[in-house]
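*Asks:* Dropping in input.txt, with compact mmCIF, C-alpha atoms (C1' of nucleotides).
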# COMPACT_ATOMS: atom_id res chain seq x y z
CA MET A 9 0.00 0.00 0.00
CA ASP A 10 2.80 2.42 0.87
CA LEU A 11 4.45 1.90 -2.48
CA PHE A 12 1.20 2.17 -4.39
CA GLU A 13 0.33 5.41 -2.63
CA THR A 14 3.67 7.10 -3.10
CA GLN A 15 4.54 5.94 -6.63
CA GLY A 16 1.19 4.94 -8.03
CA PHE A 17 -0.05 1.44 -8.78
CA GLU A 18 1.15 1.06 -12.35
CA GLU A 19 4.53 2.54 -11.51
CA THR A 20 5.15 0.04 -8.73
CA THR A 21 6.68 -3.21 -9.91
CA VAL A 22 6.20 -6.56 -8.29
CA THR A 23 9.95 -6.71 -7.86
CA GLN A 24 9.78 -3.63 -5.64
CA ILE A 25 6.97 -5.04 -3.57
CA ALA A 26 8.83 -8.30 -3.12
CA ALA A 27 12.00 -6.45 -2.15
CA LYS A 28 10.18 -4.38 0.46
CA ALA A 29 8.65 -7.53 1.90
CA GLU A 30 12.06 -9.17 1.79
CA VAL A 31 10.93 -12.10 -0.28
CA THR A 32 11.33 -13.24 -3.86
CA GLU A 33 9.03 -12.30 -6.69
CA MET A 34 8.05 -15.93 -6.82
CA THR A 35 6.95 -15.86 -3.21
CA PHE A 36 4.85 -12.80 -3.86
CA PHE A 37 2.94 -14.62 -6.58
CA ARG A 38 2.35 -17.54 -4.28
CA HIS A 39 0.51 -15.26 -1.89
CA PHE A 40 -1.26 -13.03 -4.41
CA PRO A 41 -2.46 -14.54 -7.68
CA SER A 42 -1.83 -11.21 -9.38
CA LYS A 43 -0.65 -7.72 -8.61
CA ASP A 44 -4.22 -6.49 -9.01
CA LEU A 45 -5.61 -8.72 -6.29
CA VAL A 46 -3.39 -7.12 -3.68
CA VAL A 47 -5.78 -4.23 -3.79
CA LEU A 48 -8.85 -5.67 -5.45
CA THR A 49 -10.66 -7.66 -2.79
CA ASP A 50 -14.31 -7.14 -2.16
CA PRO A 51 -15.50 -8.84 1.00
CA TYR A 52 -18.97 -7.31 0.86
CA ASP A 53 -20.11 -8.66 -2.46
CA PRO A 54 -21.32 -12.09 -1.38
CA ALA A 55 -23.61 -10.67 1.30
CA ILE A 56 -25.33 -8.44 -1.21
CA ALA A 57 -26.64 -11.19 -3.42
CA ASP A 58 -28.07 -13.01 -0.42
CA SER A 59 -29.81 -9.91 0.73
CA VAL A 60 -31.39 -9.36 -2.67
CA ALA A 61 -32.68 -12.91 -2.64
CA ALA A 62 -34.37 -12.28 0.70
CA GLN A 63 -36.54 -9.44 -0.62
CA PRO A 64 -40.22 -9.97 -1.41
CA THR A 65 -40.74 -10.88 -5.04
CA ASP A 66 -43.74 -8.71 -5.77
CA ALA A 67 -41.94 -5.41 -6.43
CA PRO A 68 -40.29 -4.64 -9.78
CA ALA A 69 -36.75 -5.88 -10.21
CA LEU A 70 -35.07 -2.55 -9.68
CA LYS A 71 -36.91 -1.80 -6.46
CA ARG A 72 -36.20 -5.27 -5.12
CA THR A 73 -32.52 -5.02 -5.83
CA VAL A 74 -32.20 -1.56 -4.34
CA ARG A 75 -34.06 -2.72 -1.25
CA GLY A 76 -31.82 -5.75 -0.99
CA ILE A 77 -28.75 -3.58 -0.93
CA ARG A 78 -30.27 -1.18 1.57
CA CYS A 79 -30.98 -4.14 3.75
CA ALA A 80 -27.46 -5.55 3.44
CA LEU A 81 -26.13 -2.11 4.16
CA GLY A 82 -28.04 -1.90 7.41
CA GLU A 83 -26.17 -4.87 8.74
CA LEU A 84 -22.78 -3.84 7.49
CA PRO A 85 -20.36 -2.07 9.78
CA GLU A 86 -18.84 1.26 8.84
CA PRO A 87 -15.29 1.18 7.37
CA GLU A 88 -13.73 -0.98 10.08
CA SER A 89 -10.11 -0.39 9.26
CA GLU A 90 -8.59 2.48 7.41
CA LEU A 91 -7.15 -0.08 5.04
CA VAL A 92 -10.39 -0.35 3.09
CA GLN A 93 -10.39 3.33 2.32
CA ARG A 94 -6.74 3.25 1.25
CA ARG A 95 -7.51 0.40 -1.08
CA VAL A 96 -10.49 2.11 -2.62
CA ARG A 97 -8.51 5.26 -3.13
CA ILE A 98 -5.78 3.37 -4.91
CA ILE A 99 -8.33 1.68 -7.13
CA ALA A 100 -10.10 4.95 -7.90
CA GLY A 101 -6.77 6.48 -8.84
CA SER A 102 -5.90 3.91 -11.49
CA ALA A 103 -7.90 3.59 -14.67
CA SER A 104 -6.89 0.01 -15.21
CA LEU A 105 -7.73 -0.97 -11.64
CA ARG A 106 -11.09 0.71 -11.85
CA ALA A 107 -11.83 -1.32 -14.93
CA LYS A 108 -10.64 -4.55 -13.37
CA SER A 109 -12.74 -3.98 -10.30
CA ALA A 110 -15.70 -4.66 -12.53
CA LYS A 111 -14.35 -8.17 -12.93
CA THR A 112 -14.68 -8.76 -9.23
CA HIS A 113 -18.31 -7.75 -9.39
CA THR A 114 -19.20 -10.14 -12.17
CA ALA A 115 -19.86 -12.97 -9.76
CA THR A 116 -22.22 -10.89 -7.63
CA GLU A 117 -23.92 -9.51 -10.70
CA THR A 118 -24.55 -13.00 -11.95
CA ARG A 119 -25.91 -14.18 -8.63
CA ILE A 120 -28.27 -11.26 -8.34
CA SER A 121 -29.60 -11.54 -11.86
CA GLU A 122 -30.04 -15.30 -11.54
CA GLN A 123 -32.02 -14.76 -8.41
CA LEU A 124 -34.25 -12.23 -10.15
CA ILE A 125 -34.72 -14.55 -13.10
CA ALA A 126 -35.61 -17.44 -10.84
CA ASP A 127 -38.36 -15.28 -9.38
CA GLY A 128 -39.85 -14.61 -12.77
CA ALA A 129 -38.06 -11.52 -14.00
CA ASP A 130 -37.20 -11.14 -17.65
CA VAL A 131 -33.61 -12.08 -18.49
CA LEU A 132 -32.79 -8.73 -20.04
CA VAL A 133 -34.40 -6.81 -17.20
CA ALA A 134 -32.66 -8.89 -14.55
CA ARG A 135 -29.21 -8.51 -16.07
CA THR A 136 -29.72 -4.82 -16.69
CA VAL A 137 -30.88 -4.11 -13.18
CA ALA A 138 -28.10 -6.12 -11.59
CA ALA A 139 -25.46 -4.36 -13.68
CA ALA A 140 -26.91 -0.91 -13.10
CA VAL A 141 -27.30 -1.25 -9.36
CA LEU A 142 -23.82 -2.64 -8.88
CA ALA A 143 -22.40 0.14 -11.02
CA ALA A 144 -24.23 2.62 -8.83
CA LEU A 145 -22.84 0.96 -5.72
CA THR A 146 -19.32 1.14 -7.07
CA ALA A 147 -19.76 4.79 -7.99
CA ALA A 148 -20.94 5.51 -4.47
CA ILE A 149 -17.96 3.74 -2.93
CA PHE A 150 -15.55 5.72 -5.12
CA GLU A 151 -17.26 8.95 -4.13
CA TRP A 152 -16.97 8.02 -0.49
CA ALA A 153 -13.24 7.47 -0.89
CA ARG A 154 -12.86 10.75 -2.76
CA ASP A 155 -14.79 13.09 -0.52
CA GLU A 156 -14.21 13.23 3.23
CA ARG A 157 -17.73 14.38 3.93
CA TRP A 158 -19.36 11.08 3.12
CA THR A 159 -19.98 8.11 5.28
CA LEU A 160 -20.01 4.82 3.41
CA ARG A 161 -23.63 4.54 4.43
CA THR A 162 -24.70 8.03 3.39
CA ALA A 163 -22.93 7.77 0.06
CA ILE A 164 -24.59 4.47 -0.77
CA GLU A 165 -27.96 5.77 0.39
CA GLY A 166 -27.56 8.77 -1.89
CA ALA A 167 -26.67 6.58 -4.82
CA LEU A 168 -29.61 4.26 -4.31
CA ASN A 169 -31.99 7.18 -3.99
CA ALA A 170 -30.72 8.62 -7.25
CA LEU A 171 -31.55 5.32 -8.93
CA GLU A 172 -35.09 5.51 -7.68
CA SER A 173 -35.50 9.04 -9.01
CA HIS A 174 -36.42 10.36 -5.59
CA ASP A 175 -33.70 12.92 -5.83
CA ASP A 176 -32.05 15.02 -8.44
CA MET B 15 -11.64 -11.89 -35.51
CA ASP B 16 -11.29 -15.34 -37.06
CA LEU B 17 -8.53 -16.26 -34.65
CA PHE B 18 -10.37 -14.86 -31.66
CA GLU B 19 -13.53 -16.78 -32.54
CA THR B 20 -11.86 -20.11 -33.13
CA GLN B 21 -9.24 -20.10 -30.36
CA GLY B 22 -10.59 -17.53 -27.94
CA PHE B 23 -9.23 -14.08 -27.24
CA GLU B 24 -6.79 -14.90 -24.47
CA GLU B 25 -5.47 -17.93 -26.30
CA THR B 26 -4.61 -15.91 -29.39
CA THR B 27 -1.18 -14.29 -29.29
CA VAL B 28 -0.25 -11.08 -31.02
CA THR B 29 2.41 -13.05 -32.85
CA GLN B 30 -0.29 -15.20 -34.44
CA ILE B 31 -2.33 -12.18 -35.47
CA ALA B 32 0.71 -10.54 -36.99
CA ALA B 33 1.63 -13.73 -38.84
CA LYS B 34 -1.87 -14.06 -40.30
CA ALA B 35 -1.75 -10.44 -41.44
CA GLU B 36 1.74 -11.04 -42.84
CA VAL B 37 3.36 -8.27 -40.89
CA THR B 38 5.64 -8.00 -37.91
CA GLU B 39 4.47 -7.84 -34.31
CA MET B 40 5.86 -4.33 -34.27
CA THR B 41 3.67 -3.31 -37.16
CA PHE B 42 0.66 -4.71 -35.39
CA PHE B 43 1.28 -2.47 -32.41
CA ARG B 44 1.64 0.53 -34.64
CA HIS B 45 -1.89 0.00 -35.89
CA PHE B 46 -3.49 -1.12 -32.63
CA PRO B 47 -2.28 0.41 -29.36
CA SER B 48 -3.07 -2.86 -27.62
CA LYS B 49 -4.47 -6.29 -28.32
CA ASP B 50 -7.65 -5.29 -26.49
CA LEU B 51 -8.39 -2.39 -28.75
CA VAL B 52 -8.66 -4.64 -31.79
CA VAL B 53 -12.01 -5.62 -30.42
CA LEU B 54 -12.80 -2.88 -27.96
CA THR B 55 -13.89 0.07 -30.03
CA ASP B 56 -17.07 1.87 -29.24
CA PRO B 57 -18.03 4.35 -31.92
CA TYR B 58 -21.38 5.15 -30.31
CA ASP B 59 -20.14 6.47 -26.99
CA PRO B 60 -19.36 10.05 -27.97
CA ALA B 61 -22.81 10.62 -29.44
CA ILE B 62 -24.46 9.53 -26.20
CA ALA B 63 -22.94 12.23 -24.04
CA ASP B 64 -23.97 14.89 -26.51
CA SER B 65 -27.50 13.61 -26.53
CA VAL B 66 -27.73 13.68 -22.75
CA ALA B 67 -26.53 17.26 -22.76
CA ALA B 68 -29.31 18.19 -25.16
CA GLN B 69 -32.09 17.07 -22.79
CA PRO B 70 -34.12 19.59 -20.79
CA THR B 71 -32.63 20.13 -17.35
CA ASP B 72 -35.80 20.09 -15.33
CA ALA B 73 -36.25 16.33 -14.94
CA PRO B 74 -34.30 14.32 -12.34
CA ALA B 75 -30.86 13.14 -13.40
CA LEU B 76 -31.84 9.54 -14.07
CA LYS B 77 -34.78 10.47 -16.28
CA ARG B 78 -32.70 12.96 -18.21
CA THR B 79 -29.95 10.49 -18.87
CA VAL B 80 -32.31 7.75 -19.93
CA ARG B 81 -34.08 10.18 -22.23
CA GLY B 82 -30.78 11.27 -23.69
CA ILE B 83 -29.89 7.73 -24.60
CA ARG B 84 -33.32 7.04 -26.04
CA CYS B 85 -32.88 10.09 -28.17
CA ALA B 86 -29.40 9.09 -29.35
CA LEU B 87 -30.77 5.66 -30.08
CA GLY B 88 -33.45 7.04 -32.33
CA GLU B 89 -30.83 8.45 -34.62
CA LEU B 90 -28.54 5.48 -34.57
CA PRO B 91 -28.69 2.92 -37.36
CA GLU B 92 -29.21 -0.75 -36.63
CA PRO B 93 -26.10 -2.96 -36.60
CA GLU B 94 -24.72 -1.92 -39.95
CA SER B 95 -22.15 -4.60 -40.41
CA GLU B 96 -22.07 -8.02 -38.86
CA LEU B 97 -18.66 -7.10 -37.54
CA VAL B 98 -20.10 -5.20 -34.60
CA GLN B 99 -21.96 -8.25 -33.41
CA ARG B 100 -18.91 -10.46 -33.77
CA ARG B 101 -16.94 -8.00 -31.72
CA VAL B 102 -19.51 -7.81 -28.98
CA ARG B 103 -19.73 -11.58 -28.82
CA ILE B 104 -15.99 -11.87 -28.44
CA ILE B 105 -16.04 -9.30 -25.66
CA ALA B 106 -18.92 -10.99 -23.90
CA GLY B 107 -17.04 -14.27 -24.06
CA SER B 108 -13.95 -13.06 -22.27
CA ALA B 109 -14.03 -12.01 -18.65
CA SER B 110 -11.00 -9.79 -18.98
CA LEU B 111 -12.37 -8.08 -22.07
CA ARG B 112 -15.70 -7.48 -20.42
CA ALA B 113 -13.89 -5.81 -17.57
CA LYS B 114 -11.75 -3.73 -19.86
CA SER B 115 -14.75 -2.57 -21.84
CA ALA B 116 -15.63 -0.55 -18.76
CA LYS B 117 -12.45 1.41 -19.36
CA THR B 118 -13.69 2.53 -22.73
CA HIS B 119 -16.85 3.82 -21.11
CA THR B 120 -15.05 5.88 -18.53
CA ALA B 121 -14.72 8.84 -20.86
CA THR B 122 -18.41 8.84 -21.72
CA GLU B 123 -19.32 8.36 -18.09
CA THR B 124 -17.24 11.37 -17.14
CA ARG B 125 -18.73 13.52 -19.87
CA ILE B 126 -22.28 12.63 -18.90
CA SER B 127 -21.77 13.20 -15.20
CA GLU B 128 -19.97 16.48 -15.81
CA GLN B 129 -22.87 17.63 -17.91
CA LEU B 130 -25.31 16.72 -15.16
CA ILE B 131 -23.19 18.48 -12.56
CA ALA B 132 -22.94 21.58 -14.70
CA ASP B 133 -26.74 21.67 -14.78
CA GLY B 134 -26.95 21.61 -11.03
CA ALA B 135 -27.08 17.93 -10.13
CA ASP B 136 -25.33 16.65 -7.04
CA VAL B 137 -21.91 15.14 -7.70
CA LEU B 138 -22.74 11.81 -6.14
CA VAL B 139 -26.06 11.61 -7.93
CA ALA B 140 -24.54 12.55 -11.26
CA ARG B 141 -21.76 10.00 -11.08
CA THR B 142 -24.08 7.31 -9.85
CA VAL B 143 -26.61 7.88 -12.58
CA ALA B 144 -24.00 8.02 -15.32
CA ALA B 145 -22.39 4.80 -14.12
CA ALA B 146 -25.69 2.99 -13.70
CA VAL B 147 -27.14 3.97 -17.05
CA LEU B 148 -23.99 3.07 -18.94
CA ALA B 149 -23.83 -0.26 -17.13
CA ALA B 150 -27.42 -0.87 -18.17
CA LEU B 151 -26.58 0.02 -21.75
CA THR B 152 -23.67 -2.38 -21.77
CA ALA B 153 -25.80 -5.14 -20.30
CA ALA B 154 -28.36 -4.57 -23.03
CA ILE B 155 -25.73 -4.74 -25.75
CA PHE B 156 -24.39 -8.02 -24.37
CA GLU B 157 -27.90 -9.44 -24.25
CA TRP B 158 -28.46 -8.43 -27.84
CA ALA B 159 -25.32 -10.26 -28.90
CA ARG B 160 -26.31 -13.31 -26.89
CA ASP B 161 -29.90 -13.74 -27.98
CA GLU B 162 -30.91 -13.72 -31.63
CA ARG B 163 -34.39 -12.47 -30.85
CA TRP B 164 -33.30 -8.99 -29.91
CA THR B 165 -32.78 -5.97 -32.05
CA LEU B 166 -30.19 -3.57 -30.71
CA ARG B 167 -32.99 -1.09 -30.38
CA THR B 168 -35.45 -3.37 -28.59
CA ALA B 169 -32.80 -4.62 -26.20
CA ILE B 170 -31.75 -1.13 -25.24
CA GLU B 171 -35.35 -0.02 -24.91
CA GLY B 172 -36.02 -2.93 -22.60
CA ALA B 173 -32.99 -2.08 -20.48
CA LEU B 174 -33.93 1.58 -20.18
CA ASN B 175 -37.49 0.70 -19.24
CA ALA B 176 -36.22 -1.60 -16.51
CA LEU B 177 -34.26 1.30 -15.07
CA GLU B 178 -37.37 3.39 -14.91
CA SER B 179 -39.28 0.65 -13.10
CA HIS B 180 -41.96 0.53 -15.76
CA ASP B 181 -41.42 -3.17 -16.19
CA ASP B 182 -40.58 -6.16 -14.08
C1' DA C 2 17.28 11.54 -59.90
C1' DT C 3 16.97 13.52 -55.13
C1' DT C 4 15.19 14.66 -51.24
C1' DG C 5 11.90 14.10 -47.51
C1' DT C 6 8.29 11.64 -45.25
C1' DT C 7 5.83 7.72 -44.00
C1' DT C 8 5.69 2.87 -43.23
C1' DT C 9 7.91 -1.27 -42.00
C1' DG C 10 11.53 -4.28 -39.93
C1' DT C 11 15.24 -5.50 -36.32
C1' DT C 12 17.00 -5.90 -31.94
C1' DA C 13 16.84 -5.64 -27.35
C1' DG C 14 14.60 -4.81 -23.13
C1' DT C 15 10.81 -4.47 -19.27
C1' DG C 16 7.18 -6.16 -16.48
C1' DA C 17 3.65 -9.54 -15.21
C1' DC C 18 3.27 -13.85 -14.88
C1' DT C 19 4.18 -19.56 -15.04
C1' DA C 20 6.57 -24.10 -14.71
C1' DA C 21 10.12 -27.24 -13.08
C1' DC C 22 13.10 -28.26 -9.91
C1' DA C 23 16.20 -27.46 -5.90
C1' DT C 24 16.47 -25.80 -1.06
C1' DT C 25 15.36 -24.54 3.22
C1' DG C 26 12.82 -24.46 7.07
C1' DT C 27 9.39 -26.38 10.73
C1' DG C 28 6.48 -29.80 13.38
C1' DC C 29 6.43 -33.77 15.20
C1' DA C 30 7.14 -39.13 15.84
C1' DG C 31 10.84 -42.01 17.31
C1' DC D 23 18.01 -35.07 20.06
C1' DT D 24 17.48 -37.26 15.60
C1' DG D 25 15.23 -37.86 11.52
C1' DC D 26 11.65 -37.53 8.40
C1' DA D 27 7.63 -35.52 6.14
C1' DC D 28 5.56 -31.47 4.45
C1' DA D 29 5.24 -26.88 3.89
C1' DA D 30 7.10 -22.41 2.52
C1' DT D 31 10.78 -20.32 -0.07
C1' DG D 32 14.35 -19.75 -3.68
C1' DT D 33 16.46 -20.38 -8.60
C1' DT D 34 16.29 -20.52 -13.30
C1' DA D 35 14.34 -20.11 -17.43
C1' DG D 36 10.63 -19.12 -20.35
C1' DT D 37 6.09 -16.81 -22.40
C1' DC D 38 3.37 -12.91 -23.61
C1' DA D 39 2.10 -8.03 -24.09
C1' DC D 40 4.26 -4.07 -24.97
C1' DT D 41 8.12 -0.14 -25.66
C1' DA D 42 12.29 2.24 -27.32
C1' DA D 43 16.07 3.07 -30.54
C1' DC D 44 17.67 2.68 -34.67
C1' DA D 45 17.97 0.83 -39.51
C1' DA D 46 15.87 -0.13 -43.97
C1' DA D 47 12.41 0.27 -47.46
C1' DA D 48 8.58 2.42 -49.93
C1' DC D 49 6.52 6.21 -51.67
C1' DA D 50 5.71 11.20 -52.87
C1' DA D 51 6.79 15.52 -54.28
C1' DT D 52 10.56 18.40 -56.13
What does this structure look like when you write it as structure tokens?
*Replies:*
Amino acid sequence: MDLFETQGFEETTVTQIAAKAEVTEMTFFRHFPSKDLVVLTDPYDPAIADSVAAQPTDAPALKRTVRGIRCALGELPEPESELVQRRVRIIAGSASLRAKSAKTHTATETRISEQLIADGADVLVARTVAAAVLAALTAAIFEWARDERWTLRTAIEGALNALESHDD
Amino acid sequence: MDLFETQGFEETTVTQIAAKAEVTEMTFFRHFPSKDLVVLTDPYDPAIADSVAAQPTDAPALKRTVRGIRCALGELPEPESELVQRRVRIIAGSASLRAKSAKTHTATETRISEQLIADGADVLVARTVAAAVLAALTAAIFEWARDERWTLRTAIEGALNALESHDD
DNA sequence: ATTGTTTTGTTAGTGACTAACATTGTGCAG
DNA sequence: CTGCACAATGTTAGTCACTAACAAAACAAT
């Protein structure tokens, strides 16, 4: 993290990281499958899909998904360690990392949309909603990392509200 | 495209592409900045941001953005060449390409959100909406490539409707 | 024909990985 | 305390995407 923050992610080589940790490059790759995954770990994602599944199936797909995330959010703790925020900031600061973070979300996106489909939603609608809501979530998290004034919770709330057109 | 379709994107090396085109690897890289960009070119994106800017500023951000895309869509031709569909299918079939396609959208996302902010929208709301709508668009495009029954237009319409909760 | 400009090739190097094999621990039964 | 199994580490060498520096063609306009 220190290296990434001072030199930037792209500018930091695995060799440097390994040197600072006093191990070999090889050892580094045995602990982290790739340089990206040092920073790109999303522990929240699994909980979200579960929470969406738990919502009543009568509302339209978008509402259900938004509610599911609100619900998951209620049970989530605020940024426990400062490490999370450092990570997010590093991700937000690198175009390639931002792009790759989408990859991490694919699994959650799939789980959410499959849940919606299982409950009778149209395939296109389900996939669209899952993608849109997760994109909104990610945008909120980046905003939180960028602007001191936000709480993770308030940022996400704001993002979800925007999706429901309650705000402008 | 032939190589990508038969062997897969990741499994195709730049050396192979260059050989098939009867040029050097070096020449390949002078024509395409990266292997990704052979397939990852989005000619529509710029038009979208313009169209969003042209919408009346009184509606909430989400509605405006959705309207902007609908409007841009009205003027866009159906999949001219078959090449577009081949490209999208190749992207959809590779996890890393799907992720990287987000990178291409970053510029459009920024332009849209900046437009919304300039017209008085909240920063968080603007960024959220831009991210969500573009994610929805991308999802629709992937669905179109996946399922023969869709037209680009009908798929995108369906996706936009889902975002406005008119459907389930 | 001559110059200048653009396009291509050559060579060599970097950085993220991977594979195969050797080496060093470290925990624990004897 | 010894010895052995098993894990964590190191070494070497290689692949693939990509870049930089410089040389050689190809082509155009003079």
*Asks:* Rounded to one decimal in Å, what is the spacing between CA of Ile126 (chain B) and CA of Val143 (chain B)?
*Replies:* 9.0 Å
*Asks:* Do you know which residues are at most 10 Å from DT9 (chain C) counting all atoms listed in the file, after dropping those on the same chain fewer than 4 positions away, and could you put them as a list in words?
*Replies:*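 In the requested form, the answer reads Val37, Thr38, Met40, Thr41 and Arg44 of chain B; DA46, DA47 and DA48 of chain D.
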*Asks:* Taking all atoms listed in the file into account, which residues of chain D are within 12 Å of chain B, as number ranges by chain?
*Replies:* D: 37-42
*Asks:* Which value, in Å to one decimal, gives the distance between C1' of DT27 (chain C) and CA of Ala27 (chain A)?
*Replies:*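 Rounded to one decimal, the two atoms are 23.9 Å apart.
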*Asks:* Could you check how far CA of Leu84 (chain A) sits from CA of Phe150 (chain A), in Å to one decimal?
*Replies:* 17.4 Å
*Asks:* Residues of chain C were defined as contacting chain A if any atom lay at most 8 Å from it, counting all atoms listed in the file; please report them as a list in words.
*Replies:*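 On the chain C side, the interface is DG16, DA17 and DC18 of chain C.
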*Asks:* Counting only C-alpha atoms, give me one row per residue of chain A with an atom at most 6 Å from an atom of chain B, showing the shortest contact pair and its distance in Å to one decimal, sorted by chain then residue number, as CSV.
*Replies:*
residue,atom,partner,partner_atom,distance
A:Pro68,CA,B:Asp182,CA,4.6
A:Ala69,CA,B:Asp182,CA,5.5
A:Ala107,CA,B:Lys117,CA,5.2
A:Lys108,CA,B:Ala113,CA,5.5
A:Ala110,CA,B:Ala113,CA,5.5
A:Lys111,CA,B:Ala113,CA,5.2
A:Ala129,CA,B:Asp182,CA,5.9
A:Val133,CA,B:Ala176,CA,5.6
A:Thr136,CA,B:Ala150,CA,4.8
A:Ala139,CA,B:Ala149,CA,5.6
A:Ala140,CA,B:Ala146,CA,4.1
A:Ala143,CA,B:Ala146,CA,5.1
A:Ala144,CA,B:Thr142,CA,4.8
A:Ala147,CA,B:Thr142,CA,5.3
A:Ala167,CA,B:Thr142,CA,5.7
A:Ala170,CA,B:Val139,CA,5.6
A:Asp176,CA,B:Pro74,CA,4.6
*Asks:* For the selection you just gave me, I'd like the residues written to a file as a short mmCIF file (atom, residue, chain, number, x, y, z; two decimals), keeping the file's coordinate frame, keeping C-alpha atoms.
*Replies:*
data_model
loop_
_atom_site.label_atom_id
_atom_site.label_comp_id
_atom_site.auth_asym_id
_atom_site.auth_seq_id
_atom_site.Cartn_x
_atom_site.Cartn_y
_atom_site.Cartn_z
CA PRO A 68 -40.29 -4.64 -9.78
CA ALA A 69 -36.75 -5.88 -10.21
CA ALA A 107 -11.83 -1.32 -14.93
CA LYS A 108 -10.64 -4.55 -13.37
CA ALA A 110 -15.70 -4.66 -12.53
CA LYS A 111 -14.35 -8.17 -12.93
CA ALA A 129 -38.06 -11.52 -14.00
CA VAL A 133 -34.40 -6.81 -17.20
CA THR A 136 -29.72 -4.82 -16.69
CA ALA A 139 -25.46 -4.36 -13.68
CA ALA A 140 -26.91 -0.91 -13.10
CA ALA A 143 -22.40 0.14 -11.02
CA ALA A 144 -24.23 2.62 -8.83
CA ALA A 147 -19.76 4.79 -7.99
CA ALA A 167 -26.67 6.58 -4.82
CA ALA A 170 -30.72 8.62 -7.25
CA ASP A 176 -32.05 15.02 -8.44
#
*Asks:* The residues within 12 Å of (-29.1, -6.4, 5.3), using only C-alpha atoms (C1' of nucleotides) and the coordinates of the file, should be reported as an NGL selection string; which are they?
*Replies:* :A and (52 or 54-63 or 73-85)
*Asks:* Please return as a list in words every residue within 12 Å of (6.0, 3.2, -10.7), taking into account only C-alpha atoms (C1' of nucleotides) and the file's own coordinates.
*Replies:*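 Result, sorted by chain then residue number: Leu11, Phe12, Glu13, Thr14, Gln15, Gly16, Phe17, Glu18, Glu19, Thr20, Thr21, Val22, Thr23, Gln24, Ile25 and Ser102 of chain A; DG16 of chain C.
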*Asks:* Near DT34 (chain D), within 12 Å and counting only C-alpha atoms (C1' of nucleotides), which residues show up once chain neighbours fewer than 3 positions away are dropped, as a list in words?
*Replies:* Met34 of chain A; DA20, DA21, DC22 and DA23 of chain C
*Asks:* For Arg100 (chain B), list every protein, DNA or RNA residue within 9 Å, evaluated using all atoms listed in the file, and leave out those in the same chain fewer than 5 positions away; present the list as a PyMOL selection string.
*Replies:* chain B and resi 15+19+105+159
*Asks:* Show me, as a PyMOL selection string, the residues that have an atom within 10 Å of DA50 (chain D) when counting all atoms listed in the file, minus same-chain residues fewer than 6 positions from it.
*Replies:* chain C and resi 5-7
*Asks:* For Thr118 (chain A), which residue among A:Asp53, A:Glu165, A:Phe36, A:Ser89 is the nearest when counting only C-alpha atoms?
*Replies:* A:Asp53
*Asks:* So which one's closest to Arg160 (chain B), B:Ala132, B:Val52, B:Ala121, B:Ala106? Using only C-alpha atoms, please.
*Replies:*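 Smallest separation from Arg160 (chain B) among the options: B:Ala106.
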